[in-house]
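Comments concern the structure below.
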Amino acid sequence: MQVTVETTQGLERKMRVVVPSERVEGQVSEKIKETAQKARINGFRPGKVPMREVKRRFGEGIRQEVSSEIIQISYGEALQKEAINPAGMPQIDDVKIEEGQDLEFTATFEVFPEIEVAGFEGISVERLTSEILDSDVEEMIDTLRSQRMRYTEVDRCSQNEDKVNMDFEGFLDGEAFEGGKAEGADLILGSGQMIPGFEDGLVGLKAGDEKDLEVTFPEQYQAENLAGKDAVFKVKINTVSEPTLPELDDEFFDSFGVEEGSGLEAFRSELVSNMERELDNAIKAKVKDQVMDGLLETNEFEVPQALVDQEINRMRQEAVQQFGGGAQLDPNLLPAEMFSEQAQKRVKLGLLVSSIVEKNEIQPDAEKVRETIDTMASQYEEPDQVRNFYYSNEQQLSQIQNMVLEEQVVEFVLEGANVTEKSVAYQEAVRREAPGEAAEEGSDDAEQDAEA
């Protein structure tokens with residue numbers, strides 16, 4: 001077998017493979033013999049069909065089938081012979097299949113880049129430190145009580161923080177518009193869920209009241225046909241309910257999984273434990289983000305487009321699942337441009353982390369894997385079942401090992417990076433920095449931990 005490899009551009013390679021005709025003809029002959037034993041042709045007894053007749057009827061299809069198999073096998077052999085590690089599937093073209101002649105084809109593919117990870121001294125990381133004060137715990141309790149707010153129907157005029165149940169329909173120039181109608185809709189006044197002026201216009205109304213609200217949609221409203229338009233909403237109030245904070249009693253504590261009769265101190269203890277876990281996770285996540293961003297900034301190299309395309313397809317699937325499209329939405333309908341930048345970043349980080357792991361022979365720390373699983377299991381009522389789930393499921397265990405391995409890479413980079421510490425308040429430490437995420441999300445996580 002003859003193999004020649006040409007570098008076309010960047011990471012792209014073009015490999016020409018020539019397979020001796022003897023190999024091809026030998027396999028074609030064997031396949032024809034096998035077919036002759038099985039062929040059922042009128043006028044011939046089973047197994048007695050002449051070879052020339054089998055070749056006449058099936059020869060071309062057999063040659064195509066054998067050639068396809070040989071191309072697949074010889075492609076792998078050629079890669080091994082040339083010590084090439086391809087990134088993604090090849091494009092096979094310029095195929096030459098003729099009886100009695102060598103089989104030839106060209107495989108075009110990308111290879112993985114050679115990565116020399118730069119020194120870590122150019123990476124700056126600010127590690128936050130924080131402690132949980134009594135005031136933080138009280139604030140968290142207030143937040144959790146607010147999230148368990150109870151509403152009681154009242155016979156009075158509505159005011160901010162009340163919940164109203166209403167029917168409404170919106171009109172543009174006297175014509176109802178699509179999506180502007182609802183019945184039995186609940187709304188907390190002052191929550192900012194509706195467009196400016198809508199909620200303010202409902203203050204002072206009682207059950208049974210009707211009102212026409214004149215409002216203007218924001219210029220940047222998501223529905224372009226409504227942006228900047230004046231509208232009238234005809235509203236009918238069905239009920240008005242006032243908020244009441246739940247008492248700090250056994251019923252409230254039980255809703256967070258605290259054993260009945262344990263009291264406030266047990267609840268606070270459980271809450272502090274969850275807040276500490278959330279604080280630790282938040283600090284680690286921010287350090288990791290800085291490390292990964294630092295690796296990207298200090299290492300420039302080309303990434304295989306084939307891997308980026310694979311990641312884009314993976315992100316398309318994730319987006320469809322996240323928004324509940326399921327089988328109803330074809331992921332390929334989502335434009336690649338939506339994901340290309342993030343996909344490039346993910347692929348590049350993956351290659352960098354893999355390079356660090358390989359060149360420094362980093363292995364998942366078995367003790368850290370065990371500790372991670374124990375920590376996750378401790379949040380559930382039946383921790384042993386959770387442990388057994390991970391240790392009996394190879395795929396799930398592998399995910400935990402990869403997570404631990406990534407943490408070890410972060411620690412490895414930190415040993416050579418420029419690390420400074422900054423003491424901040426609890427809320428700042430747990431605050432997520434992604435656009436559009438509320439500062440209170442750390443509180444949400446603590447609540448979910450408590451419920452678990």
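In the structure tokens, each chain is lettered A, B, ... as it comes, each chain's residues begin at 1, and ligands are numbered from 1 in order of appearance.
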
Quick one: pick out all helix (DSSP H, G or I) residues within segment 287-450 of chain A from a backbone DSSP run and write them as a ChimeraX atom specification. /A:287-298,305-322,326-328,331-333,336-338,340-359,366-377,383-391,394-414,426-430,441-450

Once DSSP has gone over the backbone, tell me which residues of segment 158-336 of chain A are in strand (DSSP E or B), as number ranges by chain. A: 163-172, 175-188, 210-216, 230-244

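Proximity ranking of A:Pro304, A:Gly179, A:Pro218, A:Gly204 relative to Gln159 of chain A places A:Gly204 first, based on only C-alpha atoms.
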
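The two atoms in question, atom CA of Leu172 of chain A and atom CA of Val240 of chain A, are spaced 27.6 Å apart.
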
Quick one: residues within 12 Å of Glu251 of chain A, only C-alpha atoms counted, chain neighbours fewer than 6 positions away excluded, as a PyMOL selection string? chain A and resi 148+257-264+267

Write out as an mmCIF file with N, CA and C atoms, in the first residue's frame each polymer residue whose atoms come within 10 Å of Leu133 of chain A, counting only C-alpha atoms; drop sequence neighbours fewer than 6 positions from it.
```
data_model
loop_
_atom_site.group_PDB
_atom_site.id
_atom_site.type_symbol
_atom_site.label_atom_id
_atom_site.label_comp_id
_atom_site.auth_asym_id
_atom_site.auth_seq_id
_atom_site.Cartn_x
_atom_site.Cartn_y
_atom_site.Cartn_z
ATOM 1 N N GLU A 139 -30.485 37.270 56.551
ATOM 2 C CA GLU A 139 -30.929 37.695 55.214
ATOM 3 C C GLU A 139 -31.389 36.495 54.391
ATOM 4 N N VAL A 272 -26.747 27.101 57.386
ATOM 5 C CA VAL A 272 -25.345 27.526 57.361
ATOM 6 C C VAL A 272 -24.496 26.508 56.613
ATOM 7 N N ALA A 425 -17.716 40.346 51.031
ATOM 8 C CA ALA A 425 -18.913 39.921 51.748
ATOM 9 C C ALA A 425 -19.479 38.662 51.097
ATOM 10 N N TYR A 426 -20.247 37.931 51.865
ATOM 11 C CA TYR A 426 -20.813 36.663 51.390
ATOM 12 C C TYR A 426 -21.593 36.841 50.095
#
```

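Separating atom CA of Leu189 of chain A from atom CA of Thr143 of chain A is a distance of 18.2 Å.
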
Expressed in Å to a single decimal, how great is the separation between atom CA of Gln399 of chain A and atom CA of Ile373 of chain A?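 Result for atom CA of Gln399 of chain A versus atom CA of Ile373 of chain A: 11.0 Å, one decimal.
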
Residues within 8 Å of Ala306 of chain A, please, as a list in words. Count only C-alpha atoms; anything in the same chain fewer than 6 positions from it doesn't count.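 The filter keeps Ala87, Gly88, Met89 and Glu110 of chain A.
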
Take the residues that were just selected and, keeping C-alpha atoms, output them as a PDB file, in the first residue's frame.
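Done, and the output landed in part_31.pdb:
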```pdb
ATOM      1  CA  ALA A  87      -9.605  15.324  14.122  1.00  0.00           C
ATOM      2  CA  GLY A  88     -13.030  14.363  12.843  1.00  0.00           C
ATOM      3  CA  MET A  89     -14.184  12.252   9.927  1.00  0.00           C
ATOM      4  CA  GLU A 110      -7.806  17.834   9.783  1.00  0.00           C
TER       5      GLU A 110
END
```
